[in-house]
Amino acid sequence: MLPDISINTVRGSDKRIGIIGMGMHVPEKVLSNADIEKMVDTTDEWITTRTGIKERRIAEPGTATSDLAFPAAKQALENANLAPEDVDLLIVATTTPDMLFPSTACILQARLGLVNAACFDLSAACSGSVYAIITAKQYLLTGRYRNALVVGAEALSGFVDWTDRATCILFGDGAGAVVLAPGETGGVVTSHMGADGSLASLLCMPGGGSKYPPSHHSIDRRLHFLQMEGRELFKPAVRRMAESVQIVLDRAGITQEHVECFIPHQANRRIIEAVAKQAGVPMDKVFMNLQKYGNTSAASNLIALYEAVEEGRINQGDHIVLVAFGAGLTFGSLLIEW
Ligand code: UT7
């Protein structure tokens, strides 16, 4: 029999920062594996067995990341019962900002009317939403900020090389959003984040920044598309996520058995299964929706969290773990009492 635990008995901060509102948005257009079969030399069978992905959502040309973020953020604010002026802080986690500057957060702020919010983007690739929630939590813990809006949003389809079968099958567009605020019960119990920049070249988009500014040469070399060494990423993805889960459980003084739902970054079903095995988590506690959306990078954990709640997989008082891994490399986890 498991010992009875609550946020009051697990080790963590005395103050509680919780999720008080959620939203998500994905484009309408579905791109199935059968559609991709017509574009590159691949099969539905290969994609399904190697990744678990069946389809992904693709934004219409001309759609900016802020266009995807806006409905998700608006829904999260309504869900939290907050007026736009109540938001003190907006963080947008994205690898596909509308432009190099200004930040997508500032563009989104104007559309949402968050006149009192400090705004910035956070670049941690697929770990972006976990990093952003941890960052917002620190601001809220100081007491200086009361409400924070965290958005993970990606318009990846514009940066995917649709001639590269090794990567174009994996990614999709979408956005998720949460509102964070201090609360009486529940909330973030503890968290972990880390990075290993020595493996930065395994997943990157080299062109368009200061190293390779746009030029005919950079375009000819296809430097403005996402590049990935998938096979080399697989092992560190599994190891770092399994370690990160263990770290937050250890920090809270609980075990896998005390956690009702694990929400991993939705990159690849085989990665998720290997993480679960290594972390000692049964698959029936693991939430997956990558079959519908593919890898939506910084939006992935938040879209999965939203749907896990919608589907009744998370109930009040449950302990949930969000765990992420991405380019950088970056990785991190959150233990939340719901
Ligand atoms: O968001 C976080 C960062 N992303 C990740 O963590 C992704 C991590 N990596 C992965 O998910 C997997 O490595 C992939 C799904 C990308 C690839 O799966 P894999 O089992 O590692 O395949 P592989 O790269 O070792 O390729 C196996 C074979 C190769 O052929 P040869 O060299 O064995 O003849 C590839 O050329 O499969 C071939 N291949 C394909 N075949 C059909 C690669 N892509 C495809 C494809 N369709 N789409």
# chains A, B, ... in the order shown; residues from 1 in each chain; ligands from 1
>>> residues_near_ligand(ligand="ligand 1", cutoff="9 Å", atoms="only C-alpha atoms and all ligand atoms", output="number ranges by chain")
A: 36-37, 40-47, 49-51, 125-127, 164-171, 202-203, 228-238, 265-271, 295-298, 324-327, 329
>>> write_last_selection(atoms="N, CA and C atoms", output="short mmCIF file (atom, residue, chain, number, x, y, z; two decimals), in the first residue's frame")
data_model
loop_
_atom_site.label_atom_id
_atom_site.label_comp_id
_atom_site.auth_asym_id
_atom_site.auth_seq_id
_atom_site.Cartn_x
_atom_site.Cartn_y
_atom_site.Cartn_z
N ILE A 36 2.10 11.98 -47.31
CA ILE A 36 3.57 12.11 -47.39
C ILE A 36 4.16 11.05 -48.32
N GLU A 37 3.50 9.90 -48.40
CA GLU A 37 3.96 8.86 -49.35
C GLU A 37 4.06 9.41 -50.77
N VAL A 40 7.60 12.02 -50.69
CA VAL A 40 8.97 11.48 -50.57
C VAL A 40 8.91 9.95 -50.55
N ASP A 41 10.08 9.33 -50.65
CA ASP A 41 10.16 7.87 -50.71
C ASP A 41 10.00 7.29 -49.30
N THR A 42 8.75 7.10 -48.89
CA THR A 42 8.46 6.54 -47.57
C THR A 42 7.15 5.78 -47.62
N THR A 43 6.81 5.14 -46.50
CA THR A 43 5.55 4.41 -46.43
C THR A 43 4.88 4.69 -45.09
N ASP A 44 3.57 4.54 -45.08
CA ASP A 44 2.81 4.66 -43.83
C ASP A 44 3.35 3.64 -42.82
N GLU A 45 3.66 2.47 -43.31
CA GLU A 45 4.14 1.39 -42.44
C GLU A 45 5.47 1.78 -41.76
N TRP A 46 6.41 2.36 -42.53
CA TRP A 46 7.70 2.78 -41.95
C TRP A 46 7.47 3.85 -40.89
N ILE A 47 6.69 4.87 -41.26
CA ILE A 47 6.48 5.99 -40.32
C ILE A 47 5.79 5.50 -39.05
N THR A 49 5.63 2.39 -37.71
CA THR A 49 6.41 1.50 -36.84
C THR A 49 7.61 2.22 -36.23
N ARG A 50 8.23 3.16 -36.96
CA ARG A 50 9.43 3.84 -36.42
C ARG A 50 9.10 5.01 -35.51
N THR A 51 7.89 5.59 -35.67
CA THR A 51 7.59 6.81 -34.89
C THR A 51 6.26 6.79 -34.15
N ALA A 125 13.83 24.99 -27.72
CA ALA A 125 13.32 24.00 -28.66
C ALA A 125 12.18 23.19 -28.03
N CYS A 126 12.25 21.86 -28.16
CA CYS A 126 11.12 21.03 -27.70
C CYS A 126 10.94 21.06 -26.19
N SER A 127 11.97 21.47 -25.44
CA SER A 127 11.82 21.61 -23.98
C SER A 127 11.24 22.97 -23.63
N ASP A 164 13.24 15.94 -47.55
CA ASP A 164 14.07 15.09 -46.68
C ASP A 164 13.17 14.11 -45.90
N ARG A 165 13.14 12.86 -46.34
CA ARG A 165 12.21 11.90 -45.73
C ARG A 165 12.55 11.60 -44.27
N ALA A 166 13.81 11.85 -43.88
CA ALA A 166 14.21 11.53 -42.51
C ALA A 166 13.63 12.51 -41.48
N THR A 167 13.28 13.71 -41.93
CA THR A 167 12.74 14.69 -40.98
C THR A 167 11.30 15.13 -41.28
N CYS A 168 10.91 15.16 -42.56
CA CYS A 168 9.61 15.79 -42.87
C CYS A 168 8.43 14.99 -42.34
N ILE A 169 8.65 13.73 -42.04
CA ILE A 169 7.57 12.88 -41.52
C ILE A 169 7.24 13.18 -40.06
N LEU A 170 8.15 13.90 -39.39
CA LEU A 170 8.08 13.95 -37.92
C LEU A 170 7.28 15.12 -37.35
N PHE A 171 7.31 16.26 -38.05
CA PHE A 171 6.91 17.49 -37.37
C PHE A 171 5.54 18.00 -37.79
N LEU A 202 23.41 18.30 -33.49
CA LEU A 202 22.56 17.15 -33.86
C LEU A 202 21.17 17.56 -34.34
N LEU A 203 20.71 18.71 -33.89
CA LEU A 203 19.40 19.19 -34.32
C LEU A 203 19.45 20.71 -34.35
N MET A 228 18.62 17.34 -38.83
CA MET A 228 18.65 16.48 -37.65
C MET A 228 19.40 15.17 -37.90
N GLU A 229 20.22 14.78 -36.91
CA GLU A 229 20.85 13.44 -36.90
C GLU A 229 20.00 12.58 -35.97
N GLY A 230 18.92 12.05 -36.51
CA GLY A 230 17.92 11.37 -35.68
C GLY A 230 18.47 10.21 -34.87
N ARG A 231 19.29 9.37 -35.52
CA ARG A 231 19.79 8.16 -34.85
C ARG A 231 20.67 8.54 -33.65
N GLU A 232 21.49 9.60 -33.82
CA GLU A 232 22.39 10.04 -32.73
C GLU A 232 21.62 10.70 -31.59
N LEU A 233 20.45 11.24 -31.91
CA LEU A 233 19.66 11.93 -30.87
C LEU A 233 18.89 10.95 -30.00
N PHE A 234 18.58 9.81 -30.57
CA PHE A 234 17.67 8.86 -29.93
C PHE A 234 18.13 8.50 -28.51
N LYS A 235 19.41 8.09 -28.39
CA LYS A 235 19.89 7.62 -27.08
C LYS A 235 19.94 8.73 -26.03
N PRO A 236 20.55 9.91 -26.34
CA PRO A 236 20.51 10.96 -25.33
C PRO A 236 19.09 11.40 -24.98
N ALA A 237 18.17 11.34 -25.96
CA ALA A 237 16.77 11.72 -25.67
C ALA A 237 16.21 10.81 -24.58
N VAL A 238 16.43 9.52 -24.75
CA VAL A 238 15.90 8.55 -23.78
C VAL A 238 16.58 8.73 -22.43
N HIS A 265 7.32 14.71 -23.91
CA HIS A 265 7.41 15.37 -25.21
C HIS A 265 7.08 14.34 -26.29
N GLN A 266 6.22 14.75 -27.24
CA GLN A 266 5.68 13.79 -28.21
C GLN A 266 6.55 13.76 -29.48
N ALA A 267 7.75 13.17 -29.35
CA ALA A 267 8.66 13.13 -30.49
C ALA A 267 8.53 11.83 -31.27
N ASN A 268 8.45 10.72 -30.52
CA ASN A 268 8.52 9.40 -31.17
C ASN A 268 8.02 8.37 -30.16
N ARG A 269 7.08 7.51 -30.58
CA ARG A 269 6.53 6.51 -29.66
C ARG A 269 7.62 5.61 -29.09
N ARG A 270 8.60 5.25 -29.94
CA ARG A 270 9.67 4.36 -29.45
C ARG A 270 10.52 5.04 -28.39
N ILE A 271 10.76 6.35 -28.54
CA ILE A 271 11.51 7.09 -27.51
C ILE A 271 10.71 7.09 -26.21
N ASN A 295 5.45 15.73 -33.94
CA ASN A 295 6.25 16.49 -32.98
C ASN A 295 5.99 17.99 -33.21
N THR A 296 5.34 18.63 -32.24
CA THR A 296 5.06 20.06 -32.36
C THR A 296 6.02 20.87 -31.49
N SER A 297 7.17 20.30 -31.18
CA SER A 297 8.25 20.98 -30.47
C SER A 297 7.76 21.67 -29.19
N ALA A 298 7.94 22.98 -29.08
CA ALA A 298 7.61 23.66 -27.82
C ALA A 298 6.13 23.57 -27.47
N ALA A 324 10.51 16.69 -20.96
CA ALA A 324 10.79 17.14 -22.32
C ALA A 324 12.27 17.01 -22.67
N PHE A 325 12.52 17.02 -23.97
CA PHE A 325 13.86 16.90 -24.51
C PHE A 325 13.87 17.60 -25.86
N GLY A 326 14.96 18.31 -26.17
CA GLY A 326 14.96 18.94 -27.48
C GLY A 326 16.31 19.45 -27.90
N ALA A 327 16.30 20.18 -29.01
CA ALA A 327 17.54 20.73 -29.56
C ALA A 327 18.23 21.58 -28.52
N LEU A 329 21.52 20.46 -26.68
CA LEU A 329 20.32 19.79 -26.22
C LEU A 329 19.78 20.45 -24.98
#
>>> residues_around(residues="Phe70 of chain A", least_positions_apart="5", cutoff="9 Å", atoms="only C-alpha atoms", output="PyMOL selection string")
chain A and resi 25+65+75+108+111-112+175
>>> write_last_selection(atoms="C-alpha atoms", output="short mmCIF file (atom, residue, chain, number, x, y, z; two decimals), in the first residue's frame")
data_model
loop_
_atom_site.label_atom_id
_atom_site.label_comp_id
_atom_site.auth_asym_id
_atom_site.auth_seq_id
_atom_site.Cartn_x
_atom_site.Cartn_y
_atom_site.Cartn_z
CA HIS A 25 -4.97 25.32 -31.09
CA THR A 65 3.51 31.33 -35.06
CA GLN A 75 -8.73 30.26 -24.60
CA LEU A 108 1.07 38.26 -29.32
CA ARG A 111 -3.18 41.09 -30.24
CA LEU A 112 -4.30 39.93 -26.79
CA ALA A 175 0.12 25.79 -29.96
#
>>> closest_residue(among="A:Met241, A:Leu90, A:Ala276, A:Gly328", to="Ser201 of chain A", atoms="only C-alpha atoms")
A:Gly328
>>> closest_residue(among="A:Gly317, A:Gly183, A:Pro97, A:Gly332", to="Glu154 of chain A", atoms="only C-alpha atoms")
A:Pro97
>>> residues_around(residues="Val286 of chain A", least_positions_apart="6", cutoff="10 Å", atoms="only C-alpha atoms", output="list of chain:residue names")
A:Glu260, A:Cys261, A:Phe262, A:Ile263, A:Pro264, A:Ile272, A:Glu273, A:Ala276, A:Ala308, A:Arg313, A:Ile320, A:Val321
>>> closest_residue(among="A:Val130, A:Ile20, A:Val189, A:Ala181", to="Leu322 of chain A", atoms="only C-alpha atoms")
A:Val130
>>> closest_residue(among="A:Asp67, A:Val179, A:Met22, A:Arg16", to="Leu89 of chain A", atoms="only C-alpha atoms")
A:Val179
>>> atom_distance(atom1="atom CA of Gly23 of chain A", atom2="atom CA of Gln256 of chain A")
27.6 Å
>>> closest_residue(among="A:Asn147, A:Ser157, A:Ser218, A:Ser129", to="Gly294 of chain A", atoms="only C-alpha atoms")
A:Ser157
>>> residues_around(residues="segment 17-19 of chain A", least_positions_apart="6", cutoff="7 Å", atoms="only C-alpha atoms", output="list in words")
Lys137, Val178, Val179, Leu180, Ala181, Pro182, Gly183, Gly186, Gly187 and Val188 of chain A
>>> closest_residue(among="A:Val259, A:Ala155, A:Leu100, A:Leu334", to="Gly209 of chain A", atoms="only C-alpha atoms")
A:Leu100
>>> select_by_dssp(residues="segment 70-171 of chain A", states="alpha helix (DSSP H)", output="number ranges by chain")
A: 70-79, 104-112, 128-141, 165-168
>>> residues_around(residues="Ala118 of chain A", least_positions_apart="6", cutoff="10 Å", atoms="only C-alpha atoms", output="compact mmCIF listing (two decimals) with N, CA and C atoms, in the first residue's frame")
# COMPACT_ATOMS: atom_id res chain seq x y z
N VAL A 87 -2.70 40.11 -16.76
CA VAL A 87 -1.49 39.32 -17.03
C VAL A 87 -0.25 40.19 -16.85
N ASP A 88 0.67 39.74 -15.99
CA ASP A 88 1.89 40.51 -15.70
C ASP A 88 3.08 40.06 -16.53
N LEU A 89 2.99 38.83 -17.06
CA LEU A 89 4.15 38.25 -17.72
C LEU A 89 3.68 37.32 -18.83
N LEU A 90 4.26 37.46 -20.01
CA LEU A 90 3.97 36.55 -21.12
C LEU A 90 5.29 35.98 -21.64
N ILE A 91 5.38 34.66 -21.63
CA ILE A 91 6.56 34.00 -22.21
C ILE A 91 6.08 33.12 -23.35
N ALA A 105 6.41 37.06 -28.49
CA ALA A 105 5.63 37.43 -27.30
C ALA A 105 5.10 38.85 -27.42
N CYS A 106 5.91 39.79 -27.93
CA CYS A 106 5.44 41.17 -28.09
C CYS A 106 4.33 41.26 -29.13
N GLN A 109 1.31 39.84 -27.50
CA GLN A 109 0.82 40.77 -26.46
C GLN A 109 -0.13 41.80 -27.04
N TYR A 145 5.09 39.32 -9.55
CA TYR A 145 4.16 39.05 -10.65
C TYR A 145 3.04 38.15 -10.12
N ALA A 148 0.90 34.75 -14.89
CA ALA A 148 1.79 34.60 -16.05
C ALA A 148 1.11 33.73 -17.10
>>> atom_distance(atom1="atom CA of Met99 of chain A", atom2="atom CA of Leu114 of chain A")
20.1 Å
>>> select_by_dssp(residues="segment 38-114 of chain A", states="strand (DSSP E)", output="short mmCIF file (atom, residue, chain, number, x, y, z; two decimals) with all heavy atoms, in the first residue's frame")
data_model
loop_
_atom_site.label_atom_id
_atom_site.label_comp_id
_atom_site.auth_asym_id
_atom_site.auth_seq_id
_atom_site.Cartn_x
_atom_site.Cartn_y
_atom_site.Cartn_z
N GLU A 55 -0.56 11.14 -38.50
CA GLU A 55 -0.85 12.38 -39.22
C GLU A 55 -0.37 13.57 -38.40
O GLU A 55 -0.01 13.42 -37.22
CB GLU A 55 -2.36 12.51 -39.51
CG GLU A 55 -3.22 12.46 -38.27
CD GLU A 55 -4.72 12.36 -38.59
OE1 GLU A 55 -5.09 11.64 -39.54
OE2 GLU A 55 -5.51 13.02 -37.88
N ARG A 56 -0.31 14.72 -39.03
CA ARG A 56 0.10 15.96 -38.36
C ARG A 56 -0.71 17.10 -38.96
O ARG A 56 -1.30 16.96 -40.03
CB ARG A 56 1.63 16.20 -38.47
CG ARG A 56 2.25 16.44 -39.78
CD ARG A 56 2.31 15.28 -40.75
NE ARG A 56 3.20 14.17 -40.41
CZ ARG A 56 2.92 12.90 -40.69
NH1 ARG A 56 1.79 12.55 -41.31
NH2 ARG A 56 3.75 11.94 -40.39
N ARG A 57 -0.75 18.25 -38.23
CA ARG A 57 -1.50 19.41 -38.71
C ARG A 57 -0.53 20.40 -39.33
O ARG A 57 0.56 20.64 -38.78
CB ARG A 57 -2.25 20.08 -37.56
CG ARG A 57 -3.27 19.19 -36.88
CD ARG A 57 -4.34 18.72 -37.86
NE ARG A 57 -5.32 17.90 -37.18
CZ ARG A 57 -6.47 18.37 -36.71
NH1 ARG A 57 -6.79 19.65 -36.85
NH2 ARG A 57 -7.31 17.56 -36.10
N LEU A 89 2.99 38.83 -17.06
CA LEU A 89 4.15 38.25 -17.72
C LEU A 89 3.68 37.32 -18.83
O LEU A 89 2.79 36.49 -18.60
CB LEU A 89 4.96 37.45 -16.68
CG LEU A 89 6.17 36.68 -17.19
CD1 LEU A 89 7.26 37.63 -17.69
CD2 LEU A 89 6.73 35.79 -16.06
N LEU A 90 4.26 37.46 -20.01
CA LEU A 90 3.97 36.55 -21.12
C LEU A 90 5.29 35.98 -21.64
O LEU A 90 6.20 36.74 -22.02
CB LEU A 90 3.26 37.31 -22.27
CG LEU A 90 3.16 36.56 -23.61
CD1 LEU A 90 2.36 35.27 -23.49
CD2 LEU A 90 2.55 37.46 -24.68
N ILE A 91 5.38 34.66 -21.63
CA ILE A 91 6.56 34.00 -22.21
C ILE A 91 6.08 33.12 -23.35
O ILE A 91 5.18 32.29 -23.16
CB ILE A 91 7.30 33.13 -21.17
CG1 ILE A 91 7.65 33.93 -19.91
CG2 ILE A 91 8.57 32.53 -21.79
CD1 ILE A 91 8.33 33.11 -18.82
N VAL A 92 6.66 33.30 -24.52
CA VAL A 92 6.35 32.42 -25.65
C VAL A 92 7.57 31.54 -25.91
O VAL A 92 8.66 32.04 -26.21
CB VAL A 92 5.99 33.22 -26.92
CG1 VAL A 92 5.80 32.26 -28.11
CG2 VAL A 92 4.71 34.03 -26.71
N ALA A 93 7.39 30.25 -25.76
CA ALA A 93 8.43 29.29 -26.09
C ALA A 93 8.25 28.87 -27.54
O ALA A 93 7.18 28.38 -27.92
CB ALA A 93 8.33 28.07 -25.18
#
>>> decode(residues="segment 318-330 of chain A", atoms="C-alpha atoms", output="compact mmCIF listing (two decimals), in the first residue's frame")
# COMPACT_ATOMS: atom_id res chain seq x y z
CA ASP A 318 -3.32 13.64 -9.15
CA HIS A 319 0.43 13.96 -9.49
CA ILE A 320 1.60 14.42 -13.05
CA VAL A 321 5.05 14.65 -14.60
CA LEU A 322 5.78 16.64 -17.75
CA VAL A 323 9.12 15.67 -19.26
CA ALA A 324 10.79 17.14 -22.32
CA PHE A 325 13.86 16.90 -24.51
CA GLY A 326 14.96 18.94 -27.48
CA ALA A 327 17.54 20.73 -29.56
CA GLY A 328 20.32 22.35 -27.61
CA LEU A 329 20.32 19.79 -26.22
CA THR A 330 17.83 20.81 -23.59
